[in-house]
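Visitor: Sending over data_17.cif (mmCIF, C-alpha atoms).
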data_target
#
loop_
_atom_site.group_PDB
_atom_site.id
_atom_site.type_symbol
_atom_site.label_atom_id
_atom_site.label_comp_id
_atom_site.auth_asym_id
_atom_site.auth_seq_id
_atom_site.Cartn_x
_atom_site.Cartn_y
_atom_site.Cartn_z
ATOM 1 C CA MET G 24 -196.192 -134.246 -6.351
ATOM 2 C CA ALA G 25 -198.314 -137.395 -6.194
ATOM 3 C CA ALA G 26 -199.888 -136.241 -2.931
ATOM 4 C CA ALA G 27 -200.607 -132.806 -4.400
ATOM 5 C CA LEU G 28 -202.244 -134.436 -7.405
ATOM 6 C CA ARG G 29 -204.414 -136.587 -5.124
ATOM 7 C CA VAL G 30 -205.630 -133.480 -3.285
ATOM 8 C CA ILE G 31 -206.367 -131.650 -6.537
ATOM 9 C CA GLU G 32 -208.186 -134.562 -8.139
ATOM 10 C CA ALA G 33 -210.244 -135.189 -5.004
ATOM 11 C CA ASP G 34 -211.143 -131.623 -4.042
ATOM 12 C CA GLY G 35 -209.939 -129.231 -6.747
ATOM 13 C CA VAL G 36 -207.056 -126.814 -7.150
ATOM 14 C CA GLY G 37 -208.476 -124.464 -4.532
ATOM 15 C CA ALA G 38 -208.152 -127.164 -1.876
ATOM 16 C CA LEU G 39 -204.416 -127.491 -2.422
ATOM 17 C CA THR G 40 -202.610 -125.607 0.292
ATOM 18 C CA MET G 41 -199.267 -126.314 1.870
ATOM 19 C CA ARG G 42 -201.026 -127.169 5.141
ATOM 20 C CA ARG G 43 -203.368 -129.608 3.416
ATOM 21 C CA LEU G 44 -200.467 -131.164 1.543
ATOM 22 C CA ALA G 45 -198.495 -131.467 4.782
ATOM 23 C CA ARG G 46 -201.434 -133.294 6.407
ATOM 24 C CA GLU G 47 -201.552 -135.682 3.429
ATOM 25 C CA LEU G 48 -197.845 -136.389 3.830
ATOM 26 C CA GLY G 49 -197.829 -136.524 7.618
ATOM 27 C CA THR G 50 -195.375 -133.640 7.930
ATOM 28 C CA THR G 51 -195.369 -129.878 8.459
ATOM 29 C CA ALA G 52 -196.001 -127.142 5.923
ATOM 30 C CA MET G 53 -192.529 -125.751 6.604
ATOM 31 C CA ALA G 54 -191.004 -129.072 5.552
ATOM 32 C CA ILE G 55 -192.705 -128.755 2.176
ATOM 33 C CA TYR G 56 -191.239 -125.284 1.677
ATOM 34 C CA HIS G 57 -187.799 -126.916 1.670
ATOM 35 C CA HIS G 58 -188.809 -128.584 -1.612
ATOM 36 C CA VAL G 59 -190.994 -125.988 -3.342
ATOM 37 C CA ARG G 60 -191.204 -122.223 -2.987
ATOM 38 C CA ASP G 61 -195.010 -122.021 -3.014
ATOM 39 C CA LYS G 62 -198.218 -123.473 -4.427
ATOM 40 C CA ASP G 63 -197.541 -121.958 -7.856
ATOM 41 C CA GLU G 64 -194.200 -123.729 -8.114
ATOM 42 C CA LEU G 65 -195.852 -126.993 -7.130
ATOM 43 C CA LEU G 66 -198.552 -126.482 -9.787
ATOM 44 C CA LEU G 67 -195.873 -125.720 -12.380
ATOM 45 C CA LEU G 68 -194.068 -128.941 -11.481
ATOM 46 C CA LEU G 69 -197.308 -130.881 -11.888
ATOM 47 C CA LEU G 70 -198.063 -129.214 -15.227
ATOM 48 C CA ASP G 71 -194.531 -129.787 -16.519
ATOM 49 C CA ASP G 72 -194.580 -133.415 -15.419
ATOM 50 C CA TYR G 73 -197.892 -134.015 -17.146
ATOM 51 C CA ALA G 74 -196.849 -132.178 -20.326
ATOM 52 C CA ALA G 75 -193.636 -134.177 -20.570
ATOM 53 C CA ALA G 76 -195.532 -137.470 -20.352
ATOM 54 C CA THR G 77 -198.189 -136.544 -22.929
ATOM 55 C CA PRO G 78 -197.630 -138.007 -26.405
ATOM 56 C CA ARG G 79 -197.835 -135.727 -29.459
ATOM 57 C CA PRO G 80 -199.568 -136.883 -32.646
ATOM 58 C CA GLU G 81 -198.117 -136.763 -36.133
ATOM 59 C CA LEU G 82 -199.490 -133.667 -37.828
ATOM 60 C CA PRO G 83 -200.844 -133.595 -41.378
ATOM 61 C CA ASP G 84 -199.590 -131.044 -43.901
ATOM 62 C CA ASP G 85 -203.015 -129.555 -44.674
ATOM 63 C CA PRO G 86 -203.349 -126.415 -42.478
ATOM 64 C CA ARG G 87 -206.965 -127.049 -41.445
ATOM 65 C CA GLU G 88 -206.319 -130.690 -40.597
ATOM 66 C CA ARG G 89 -203.112 -129.686 -38.798
ATOM 67 C CA LEU G 90 -205.043 -127.186 -36.654
ATOM 68 C CA VAL G 91 -207.791 -129.730 -35.916
ATOM 69 C CA THR G 92 -205.298 -132.470 -35.016
ATOM 70 C CA ALA G 93 -203.260 -130.225 -32.696
ATOM 71 C CA ALA G 94 -206.390 -128.771 -31.071
ATOM 72 C CA THR G 95 -207.873 -132.231 -30.550
ATOM 73 C CA ALA G 96 -204.625 -133.454 -29.004
ATOM 74 C CA MET G 97 -204.688 -130.433 -26.665
ATOM 75 C CA ARG G 98 -208.296 -131.137 -25.714
ATOM 76 C CA ASP G 99 -207.617 -134.826 -25.129
ATOM 77 C CA ALA G 100 -204.600 -134.051 -22.936
ATOM 78 C CA LEU G 101 -206.491 -131.502 -20.847
ATOM 79 C CA ALA G 102 -209.665 -133.565 -20.599
ATOM 80 C CA ARG G 103 -207.735 -136.303 -18.793
ATOM 81 C CA HIS G 104 -206.925 -133.782 -16.037
ATOM 82 C CA PRO G 105 -209.610 -131.047 -15.928
ATOM 83 C CA TRP G 106 -207.843 -129.504 -12.913
ATOM 84 C CA ALA G 107 -205.170 -128.299 -15.328
ATOM 85 C CA VAL G 108 -207.787 -126.180 -17.095
ATOM 86 C CA ASP G 109 -208.518 -124.421 -13.794
ATOM 87 C CA VAL G 110 -204.829 -123.586 -13.432
ATOM 88 C CA LEU G 111 -204.294 -122.578 -17.068
ATOM 89 C CA ARG G 112 -207.485 -120.517 -17.315
ATOM 90 C CA ALA G 113 -205.918 -117.836 -15.117
ATOM 91 C CA ASP G 114 -203.536 -117.175 -18.034
ATOM 92 C CA ASP G 115 -200.441 -117.033 -15.832
ATOM 93 C CA LEU G 116 -199.071 -120.508 -15.094
ATOM 94 C CA PHE G 117 -198.324 -122.943 -17.893
ATOM 95 C CA ALA G 118 -196.009 -125.802 -18.700
ATOM 96 C CA VAL G 119 -193.234 -124.881 -21.105
ATOM 97 C CA GLY G 120 -193.474 -128.452 -22.397
ATOM 98 C CA ALA G 121 -197.081 -127.802 -23.397
ATOM 99 C CA LEU G 122 -196.139 -124.903 -25.677
ATOM 100 C CA TRP G 123 -196.113 -127.486 -28.454
ATOM 101 C CA TYR G 124 -199.900 -127.070 -28.727
ATOM 102 C CA PRO G 125 -200.070 -123.307 -29.338
ATOM 103 C CA GLU G 126 -196.966 -123.542 -31.544
ATOM 104 C CA GLN G 127 -198.626 -126.104 -33.800
ATOM 105 C CA ILE G 128 -201.996 -124.341 -33.903
ATOM 106 C CA ILE G 129 -200.367 -120.993 -34.697
ATOM 107 C CA ASP G 130 -198.158 -122.667 -37.296
ATOM 108 C CA ALA G 131 -201.220 -124.246 -38.932
ATOM 109 C CA ALA G 132 -202.925 -120.859 -39.060
ATOM 110 C CA VAL G 133 -199.859 -119.210 -40.632
ATOM 111 C CA ARG G 134 -199.637 -122.062 -43.162
ATOM 112 C CA GLY G 135 -203.318 -121.399 -43.852
ATOM 113 C CA GLY G 136 -202.568 -117.819 -44.837
ATOM 114 C CA LEU G 137 -203.039 -115.832 -41.617
ATOM 115 C CA THR G 138 -200.612 -113.222 -40.384
ATOM 116 C CA ILE G 139 -198.786 -114.158 -37.198
ATOM 117 C CA GLU G 140 -201.031 -111.741 -35.246
ATOM 118 C CA ASP G 141 -204.186 -113.281 -36.700
ATOM 119 C CA ALA G 142 -202.746 -116.747 -36.091
ATOM 120 C CA VAL G 143 -202.353 -115.910 -32.397
ATOM 121 C CA ASP G 144 -205.988 -114.765 -32.400
ATOM 122 C CA ALA G 145 -206.960 -118.062 -34.049
ATOM 123 C CA TYR G 146 -205.118 -119.982 -31.332
ATOM 124 C CA ARG G 147 -206.868 -117.975 -28.598
ATOM 125 C CA ILE G 148 -210.250 -118.671 -30.202
ATOM 126 C CA VAL G 149 -209.502 -122.400 -30.316
ATOM 127 C CA TRP G 150 -208.135 -122.262 -26.751
ATOM 128 C CA HIS G 151 -211.255 -120.623 -25.342
ATOM 129 C CA TYR G 152 -213.522 -123.026 -27.225
ATOM 130 C CA THR G 153 -211.476 -125.963 -25.909
ATOM 131 C CA ILE G 154 -211.377 -124.963 -22.246
ATOM 132 C CA GLY G 155 -215.063 -124.022 -22.348
ATOM 133 C CA GLU G 156 -215.925 -127.436 -23.719
ATOM 134 C CA ILE G 157 -213.795 -129.222 -21.113
ATOM 135 C CA GLY G 158 -215.117 -127.111 -18.244
ATOM 136 C CA GLY G 159 -218.725 -127.574 -19.314
ATOM 137 C CA ARG G 160 -218.362 -131.327 -19.661
ATOM 138 C CA ALA G 161 -216.593 -131.639 -16.299
ATOM 139 C CA ALA G 162 -219.300 -129.607 -14.531
ATOM 140 C CA ALA G 163 -222.082 -131.631 -16.174
ATOM 141 C CA ARG G 164 -220.373 -134.906 -15.245
ATOM 142 C CA GLU G 165 -220.073 -133.792 -11.604
ATOM 143 C CA ARG G 166 -223.733 -132.833 -11.541
ATOM 144 C CA ARG G 167 -224.832 -136.179 -13.035
ATOM 145 C CA GLU G 168 -222.705 -138.044 -10.476
ATOM 146 C CA GLN G 169 -224.704 -136.369 -7.705
ATOM 147 C CA GLY G 170 -227.754 -138.250 -8.968
ATOM 148 C CA GLY G 171 -231.374 -137.260 -9.321
ATOM 149 C CA SER G 172 -232.929 -135.202 -12.068
ATOM 150 C CA THR G 173 -231.601 -131.775 -12.889
ATOM 151 C CA TYR G 174 -233.576 -128.582 -13.223
ATOM 152 C CA ARG G 175 -232.654 -128.569 -16.909
ATOM 153 C CA GLU G 176 -234.073 -132.072 -17.396
ATOM 154 C CA ARG G 177 -237.345 -131.049 -15.763
ATOM 155 C CA VAL G 178 -237.630 -127.863 -17.859
ATOM 156 C CA PHE G 179 -236.935 -129.592 -21.167
ATOM 157 C CA THR G 180 -239.203 -132.529 -20.393
ATOM 158 C CA GLU G 181 -242.096 -130.137 -19.755
ATOM 159 C CA ILE G 182 -241.208 -127.423 -22.285
ATOM 160 C CA ASP G 183 -244.062 -125.454 -23.874
ATOM 161 C CA ALA G 184 -243.796 -126.465 -27.541
ATOM 162 C CA GLY G 185 -246.151 -123.650 -28.534
ATOM 163 C CA ARG G 186 -243.803 -121.052 -27.116
ATOM 164 C CA PHE G 187 -240.557 -122.849 -28.039
ATOM 165 C CA PRO G 188 -241.391 -125.019 -31.087
ATOM 166 C CA ARG G 189 -237.833 -126.072 -32.005
ATOM 167 C CA LEU G 190 -236.895 -126.867 -28.440
ATOM 168 C CA GLY G 191 -240.204 -128.675 -28.070
ATOM 169 C CA GLN G 192 -239.163 -130.991 -30.921
ATOM 170 C CA VAL G 193 -236.122 -132.153 -28.981
ATOM 171 C CA GLY G 194 -237.183 -131.457 -25.393
ATOM 172 C CA SER G 195 -237.435 -135.055 -24.243
ATOM 173 C CA ARG G 196 -234.078 -135.841 -25.875
ATOM 174 C CA TRP G 197 -232.245 -132.679 -24.742
ATOM 175 C CA GLU G 198 -229.994 -134.451 -22.243
ATOM 176 C CA GLU G 199 -229.070 -137.141 -24.758
ATOM 177 C CA LEU G 200 -228.370 -134.629 -27.527
ATOM 178 C CA THR G 201 -226.340 -132.243 -25.401
ATOM 179 C CA ALA G 202 -224.271 -135.071 -23.906
ATOM 180 C CA ARG G 203 -222.851 -135.966 -27.337
ATOM 181 C CA ASP G 204 -219.208 -135.158 -27.966
ATOM 182 C CA THR G 205 -219.319 -132.400 -30.583
ATOM 183 C CA TYR G 206 -215.769 -131.140 -30.128
ATOM 184 C CA ASP G 207 -214.554 -132.418 -33.495
ATOM 185 C CA LYS G 208 -217.493 -130.835 -35.305
ATOM 186 C CA GLY G 209 -216.944 -127.544 -33.479
ATOM 187 C CA VAL G 210 -213.186 -127.331 -33.947
ATOM 188 C CA ARG G 211 -213.578 -128.210 -37.631
ATOM 189 C CA ALA G 212 -216.091 -125.385 -38.006
ATOM 190 C CA LEU G 213 -213.667 -123.026 -36.278
ATOM 191 C CA ALA G 214 -210.805 -124.158 -38.517
ATOM 192 C CA ALA G 215 -212.932 -123.725 -41.652
ATOM 193 C CA GLY G 216 -214.033 -120.254 -40.586
ATOM 194 C CA LEU G 217 -210.631 -119.073 -39.425
ATOM 195 C CA LEU G 218 -208.691 -120.454 -42.379
ATOM 196 C CA SER G 219 -211.178 -119.702 -45.145
#
Let me see the file written as C-alpha coordinates.
Guide:
Amino acid sequence: MAAALRVIEADGVGALTMRRLARELGTTAMAIYHHVRDKDELLLLLLDDYAAATPRPELPDDPRERLVTAATAMRDALARHPWAVDVLRADDLFAVGALWYPEQIIDAAVRGGLTIEDAVDAYRIVWHYTIGEIGGRAAARERREQGGSTYRERVFTEIDAGRFPRLGQVGSRWEELTARDTYDKGVRALAAGLLS
(Lines of atoms letter the chains of each structure in order from A and count residues from 1; the text may use other names and numbers.)
(Lines give C-alpha, C1' and ligand atoms only; values in the text may rest on other atoms or scores of the structure.)
Protein backbone atom coordinates (compact mmCIF):
# COMPACT_ATOMS: atom_id res chain seq x y z
CA MET A 1 0.00 0.00 0.00
CA ALA A 2 2.86 2.38 0.76
CA ALA A 3 4.33 1.82 -2.70
CA ALA A 4 0.94 2.41 -4.32
CA LEU A 5 0.57 5.64 -2.38
CA ARG A 6 4.03 6.78 -3.52
CA VAL A 7 3.06 6.20 -7.16
CA ILE A 8 -0.24 8.05 -6.74
CA GLU A 9 1.28 11.01 -4.93
CA ALA A 10 4.10 11.30 -7.47
CA ASP A 11 2.17 10.79 -10.70
CA GLY A 12 -1.55 10.62 -9.96
CA VAL A 13 -4.15 7.88 -9.72
CA GLY A 14 -4.02 7.24 -13.46
CA ALA A 15 -0.37 6.23 -13.20
CA LEU A 16 -1.14 3.45 -10.75
CA THR A 17 -1.18 0.16 -12.59
CA MET A 18 -0.26 -3.27 -11.37
CA ARG A 19 2.77 -3.25 -13.68
CA ARG A 20 3.95 0.10 -12.36
CA LEU A 21 3.42 -1.05 -8.79
CA ALA A 22 5.33 -4.26 -9.51
CA ARG A 23 8.27 -2.21 -10.86
CA GLU A 24 8.21 -0.10 -7.68
CA LEU A 25 8.33 -3.25 -5.57
CA GLY A 26 10.82 -5.14 -7.72
CA THR A 27 8.39 -7.98 -8.42
CA THR A 28 5.88 -9.07 -11.06
CA ALA A 29 2.33 -7.86 -11.57
CA MET A 30 1.08 -11.41 -11.04
CA ALA A 31 2.65 -11.44 -7.58
CA ILE A 32 0.59 -8.39 -6.65
CA TYR A 33 -2.61 -10.13 -7.75
CA HIS A 34 -2.00 -12.65 -4.96
CA HIS A 35 -2.63 -9.79 -2.50
CA VAL A 36 -5.28 -7.66 -4.21
CA ARG A 37 -7.86 -8.48 -6.85
CA ASP A 38 -7.34 -5.33 -8.93
CA LYS A 39 -6.56 -1.61 -8.85
CA ASP A 40 -9.99 -0.79 -7.40
CA GLU A 41 -9.41 -3.08 -4.43
CA LEU A 42 -6.03 -1.47 -3.85
CA LEU A 43 -7.60 2.01 -3.98
CA LEU A 44 -10.30 0.90 -1.53
CA LEU A 45 -7.62 -0.36 0.86
CA LEU A 46 -5.83 2.98 0.63
CA LEU A 47 -9.06 4.92 1.19
CA ASP A 48 -10.07 2.74 4.13
CA ASP A 49 -6.63 3.02 5.70
CA TYR A 50 -6.67 6.79 5.38
CA ALA A 51 -10.25 7.11 6.67
CA ALA A 52 -9.47 4.97 9.71
CA ALA A 53 -6.51 7.17 10.64
CA THR A 54 -8.35 10.48 10.22
CA PRO A 55 -9.53 12.08 13.48
CA ARG A 56 -13.14 13.28 13.77
CA PRO A 57 -13.96 16.58 15.48
CA GLU A 58 -16.51 17.09 18.23
CA LEU A 59 -19.67 18.42 16.61
CA PRO A 60 -21.72 21.31 17.97
CA ASP A 61 -25.46 20.97 18.54
CA ASP A 62 -26.45 23.90 16.31
CA PRO A 63 -27.38 22.40 12.89
CA ARG A 64 -25.60 25.05 10.81
CA GLU A 65 -22.43 24.87 12.89
CA ARG A 66 -22.64 21.07 12.86
CA LEU A 67 -22.83 21.06 9.04
CA VAL A 68 -19.94 23.55 8.76
CA THR A 69 -17.76 21.61 11.21
CA ALA A 70 -18.36 18.25 9.49
CA ALA A 71 -17.87 19.74 6.02
CA THR A 72 -14.66 21.47 7.08
CA ALA A 73 -13.35 18.25 8.60
CA MET A 74 -14.14 16.47 5.31
CA ARG A 75 -12.36 19.17 3.32
CA ASP A 76 -9.33 19.11 5.60
CA ALA A 77 -9.08 15.31 5.38
CA LEU A 78 -9.34 15.29 1.59
CA ALA A 79 -7.06 18.28 1.08
CA ARG A 80 -4.20 16.35 2.70
CA HIS A 81 -4.51 13.74 -0.08
CA PRO A 82 -6.03 15.34 -3.22
CA TRP A 83 -5.61 12.01 -5.05
CA ALA A 84 -8.53 10.72 -2.98
CA VAL A 85 -10.77 13.34 -4.60
CA ASP A 86 -9.88 11.91 -8.02
CA VAL A 87 -10.95 8.46 -6.85
CA LEU A 88 -14.10 9.62 -5.04
CA ARG A 89 -15.24 11.96 -7.81
CA ALA A 90 -16.16 8.96 -9.96
CA ASP A 91 -18.93 8.29 -7.41
CA ASP A 92 -18.21 4.56 -7.21
CA LEU A 93 -15.36 3.80 -4.79
CA PHE A 94 -15.42 5.11 -1.24
CA ALA A 95 -14.19 4.20 2.20
CA VAL A 96 -16.90 2.88 4.49
CA GLY A 97 -14.98 4.51 7.34
CA ALA A 98 -15.45 7.89 5.67
CA LEU A 99 -19.24 7.61 5.71
CA TRP A 100 -19.05 9.54 8.97
CA TYR A 101 -18.85 12.76 6.92
CA PRO A 102 -22.04 12.39 4.87
CA GLU A 103 -23.82 10.95 7.93
CA GLN A 104 -23.00 14.03 9.99
CA ILE A 105 -23.79 16.51 7.22
CA ILE A 106 -27.11 14.82 6.47
CA ASP A 107 -27.89 14.64 10.18
CA ALA A 108 -27.17 18.37 10.55
CA ALA A 109 -29.50 19.12 7.65
CA VAL A 110 -32.29 16.98 9.15
CA ARG A 111 -31.77 18.68 12.52
CA GLY A 112 -32.04 21.97 10.62
CA GLY A 113 -35.50 21.05 9.38
CA LEU A 114 -34.89 19.40 6.00
CA THR A 115 -36.52 16.18 4.91
CA ILE A 116 -34.14 13.26 4.54
CA GLU A 117 -34.33 13.63 0.73
CA ASP A 118 -33.51 17.34 0.92
CA ALA A 119 -30.77 16.59 3.44
CA VAL A 120 -29.15 14.22 0.94
CA ASP A 121 -29.36 17.02 -1.65
CA ALA A 122 -27.73 19.38 0.87
CA TYR A 123 -24.90 16.89 1.39
CA ARG A 124 -24.38 16.55 -2.37
CA ILE A 125 -24.25 20.34 -2.73
CA VAL A 126 -21.64 20.58 0.02
CA TRP A 127 -19.75 17.62 -1.47
CA HIS A 128 -19.53 19.17 -4.93
CA TYR A 129 -18.49 22.53 -3.50
CA THR A 130 -15.82 20.80 -1.41
CA ILE A 131 -14.28 18.66 -4.14
CA GLY A 132 -14.39 21.59 -6.57
CA GLU A 133 -12.52 23.75 -4.09
CA ILE A 134 -9.91 21.05 -3.43
CA GLY A 135 -9.46 20.26 -7.12
CA GLY A 136 -9.14 23.91 -8.06
CA ARG A 137 -6.59 24.60 -5.35
CA ALA A 138 -4.55 21.50 -6.24
CA ALA A 139 -4.48 22.44 -9.94
CA ALA A 140 -3.49 26.03 -9.15
CA ARG A 141 -0.74 24.85 -6.79
CA GLU A 142 0.66 22.53 -9.49
CA ARG A 143 0.64 25.36 -12.00
CA ARG A 144 2.42 27.76 -9.62
CA GLU A 145 5.06 25.10 -8.88
CA GLN A 146 5.90 25.02 -12.59
CA GLY A 147 7.08 28.61 -12.26
CA GLY A 148 6.76 31.61 -14.53
CA SER A 149 3.76 33.84 -14.97
CA THR A 150 0.41 32.39 -15.92
CA TYR A 151 -1.85 33.52 -18.71
CA ARG A 152 -4.35 34.59 -16.06
CA GLU A 153 -1.76 36.78 -14.34
CA ARG A 154 -0.91 38.48 -17.62
CA VAL A 155 -4.59 39.08 -18.50
CA PHE A 156 -5.49 40.53 -15.11
CA THR A 157 -2.37 42.68 -14.92
CA GLU A 158 -3.26 44.26 -18.27
CA ILE A 159 -7.06 44.20 -17.99
CA ASP A 160 -9.03 46.95 -19.74
CA ALA A 161 -10.63 48.79 -16.80
CA GLY A 162 -12.95 50.65 -19.17
CA ARG A 163 -14.45 47.40 -20.40
CA PHE A 164 -14.26 45.54 -17.07
CA PRO A 165 -14.39 48.24 -14.35
CA ARG A 166 -14.81 45.95 -11.32
CA LEU A 167 -12.14 43.55 -12.46
CA GLY A 168 -9.94 46.53 -13.27
CA GLN A 169 -10.17 47.59 -9.61
CA VAL A 170 -8.62 44.33 -8.47
CA GLY A 171 -6.70 43.26 -11.58
CA SER A 172 -3.21 43.68 -10.17
CA ARG A 173 -4.25 41.86 -6.98
CA TRP A 174 -6.26 39.07 -8.66
CA GLU A 175 -3.75 36.32 -7.89
CA GLU A 176 -3.47 37.39 -4.25
CA LEU A 177 -7.24 37.64 -3.80
CA THR A 178 -8.07 34.36 -5.49
CA ALA A 179 -5.36 32.49 -3.56
CA ARG A 180 -7.11 33.22 -0.24
CA ASP A 181 -8.77 30.31 1.51
CA THR A 182 -12.48 31.11 1.30
CA TYR A 183 -13.79 27.64 2.08
CA ASP A 184 -15.16 28.59 5.50
CA LYS A 185 -16.97 31.61 4.07
CA GLY A 186 -18.40 29.52 1.24
CA VAL A 187 -19.54 26.56 3.33
CA ARG A 188 -21.13 28.93 5.85
CA ALA A 189 -23.04 30.60 3.03
CA LEU A 190 -24.17 27.19 1.80
CA ALA A 191 -25.24 26.16 5.30
CA ALA A 192 -27.16 29.42 5.80
CA GLY A 193 -28.91 29.05 2.45
CA LEU A 194 -29.69 25.37 2.79
CA LEU A 195 -30.86 25.52 6.39
CA SER A 196 -32.72 28.83 6.29
Visitor: For the provided coordinates, the residues matched by the PyMOL selection byres ((chain G and resi 211) around 12) should be stated as a list of chain:residue names.
Guide: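 When the PyMOL selection byres ((chain G and resi 211) around 12) is applied, the selected residues are G:Pro86, G:Arg87, G:Glu88, G:Arg89, G:Leu90, G:Val91, G:Thr92, G:Ala93, G:Ala94, G:Thr95, G:Val149, G:Tyr152, G:Thr205, G:Tyr206, G:Asp207, G:Lys208, G:Gly209, G:Val210, G:Ala212, G:Leu213, G:Ala214, G:Ala215, G:Gly216, G:Leu217, G:Leu218, G:Ser219.
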Visitor: Rank G:Gln192, G:Val108, G:Gly171, G:Asp84 by their smallest atom-to-atom distance to G:Ala132, using only C-alpha atoms, and report the top residue only.
Guide: G:Asp84
Visitor: Return the single residue from G:Gly37, G:Asp85, G:Phe117, G:Arg43 that is closest to G:Gly136, with distances computed using only C-alpha atoms.
Guide: G:Asp85
Visitor: Name the residues that the PyMOL selection byres ((chain G and resi 67-72) around 8) pulls out of this structure, and write them as a PyMOL selection string.
Guide: chain G and resi 24+28+63-66+73-76+107+116-121
Visitor: Residues of the last selection are to be written out with C-alpha atoms, as a PDB file, in the frame of the given file.
Guide:
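Generated file (out.pdb):
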ATOM      1  CA  MET G  24    -196.192-134.246  -6.351  1.00  0.00           C
ATOM      2  CA  LEU G  28    -202.244-134.436  -7.405  1.00  0.00           C
ATOM      3  CA  ASP G  63    -197.541-121.958  -7.856  1.00  0.00           C
ATOM      4  CA  GLU G  64    -194.200-123.729  -8.114  1.00  0.00           C
ATOM      5  CA  LEU G  65    -195.852-126.993  -7.130  1.00  0.00           C
ATOM      6  CA  LEU G  66    -198.552-126.482  -9.787  1.00  0.00           C
ATOM      7  CA  TYR G  73    -197.892-134.015 -17.146  1.00  0.00           C
ATOM      8  CA  ALA G  74    -196.849-132.178 -20.326  1.00  0.00           C
ATOM      9  CA  ALA G  75    -193.636-134.177 -20.570  1.00  0.00           C
ATOM     10  CA  ALA G  76    -195.532-137.470 -20.352  1.00  0.00           C
ATOM     11  CA  ALA G 107    -205.170-128.299 -15.328  1.00  0.00           C
ATOM     12  CA  LEU G 116    -199.071-120.508 -15.094  1.00  0.00           C
ATOM     13  CA  PHE G 117    -198.324-122.943 -17.893  1.00  0.00           C
ATOM     14  CA  ALA G 118    -196.009-125.802 -18.700  1.00  0.00           C
ATOM     15  CA  VAL G 119    -193.234-124.881 -21.105  1.00  0.00           C
ATOM     16  CA  GLY G 120    -193.474-128.452 -22.397  1.00  0.00           C
ATOM     17  CA  ALA G 121    -197.081-127.802 -23.397  1.00  0.00           C
TER      18      ALA G 121
END
Visitor: Work out how far apart atom CA of G:Leu111 and atom CA of G:Arg46 are and give it in Å to one decimal.
Guide: 26.0 Å
Visitor: Which residue gives the smallest distance to G:Val59 among G:Val133, G:Met41, G:Leu190, G:Leu82, with only C-alpha atoms counted?
Guide: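 When distances to G:Val59 are compared using only C-alpha atoms, the smallest one comes from G:Met41.
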Visitor: With 4 Å added on each side, what axis-aligned box encloses every listed atom of stretch 77-95 of chain G? Give the centre and edge lengths in Å to one decimal, as AutoDock Vina command-line options.
Guide:
--center_x -202.8 --center_y -132.2 --center_z -33.8 --size_x 18.2 --size_y 19.6 --size_z 29.7
Visitor: For stretch 154-163 of chain G, please output as a PyMOL selection string all residues within 8 Å (counting all atoms listed in the file; exclusion window: fewer than 3 positions along the same chain).
Guide: chain G and resi 98+101-102+105+108+112+150-151+166-167+206
Visitor: Any chance you can output those residues with C-alpha atoms as a PDB file, in the frame of the given file?
Guide:
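The result, stored in again-v2.pdb:
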ATOM      1  CA  ARG G  98    -208.296-131.137 -25.714  1.00  0.00           C
ATOM      2  CA  LEU G 101    -206.491-131.502 -20.847  1.00  0.00           C
ATOM      3  CA  ALA G 102    -209.665-133.565 -20.599  1.00  0.00           C
ATOM      4  CA  PRO G 105    -209.610-131.047 -15.928  1.00  0.00           C
ATOM      5  CA  VAL G 108    -207.787-126.180 -17.095  1.00  0.00           C
ATOM      6  CA  ARG G 112    -207.485-120.517 -17.315  1.00  0.00           C
ATOM      7  CA  TRP G 150    -208.135-122.262 -26.751  1.00  0.00           C
ATOM      8  CA  HIS G 151    -211.255-120.623 -25.342  1.00  0.00           C
ATOM      9  CA  ARG G 166    -223.733-132.833 -11.541  1.00  0.00           C
ATOM     10  CA  ARG G 167    -224.832-136.179 -13.035  1.00  0.00           C
ATOM     11  CA  TYR G 206    -215.769-131.140 -30.128  1.00  0.00           C
TER      12      TYR G 206
END
Visitor: By how many Å are atom CA of G:Arg147 and atom CA of G:Arg164 apart?
Guide: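 About the pair atom CA of G:Arg147 and atom CA of G:Arg164: they are 25.4 Å apart.
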Visitor: Interatomic distance between atom CA of G:Gly185 and atom CA of G:Asp204?
Guide: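 Distance between the two atoms: 29.3 Å.
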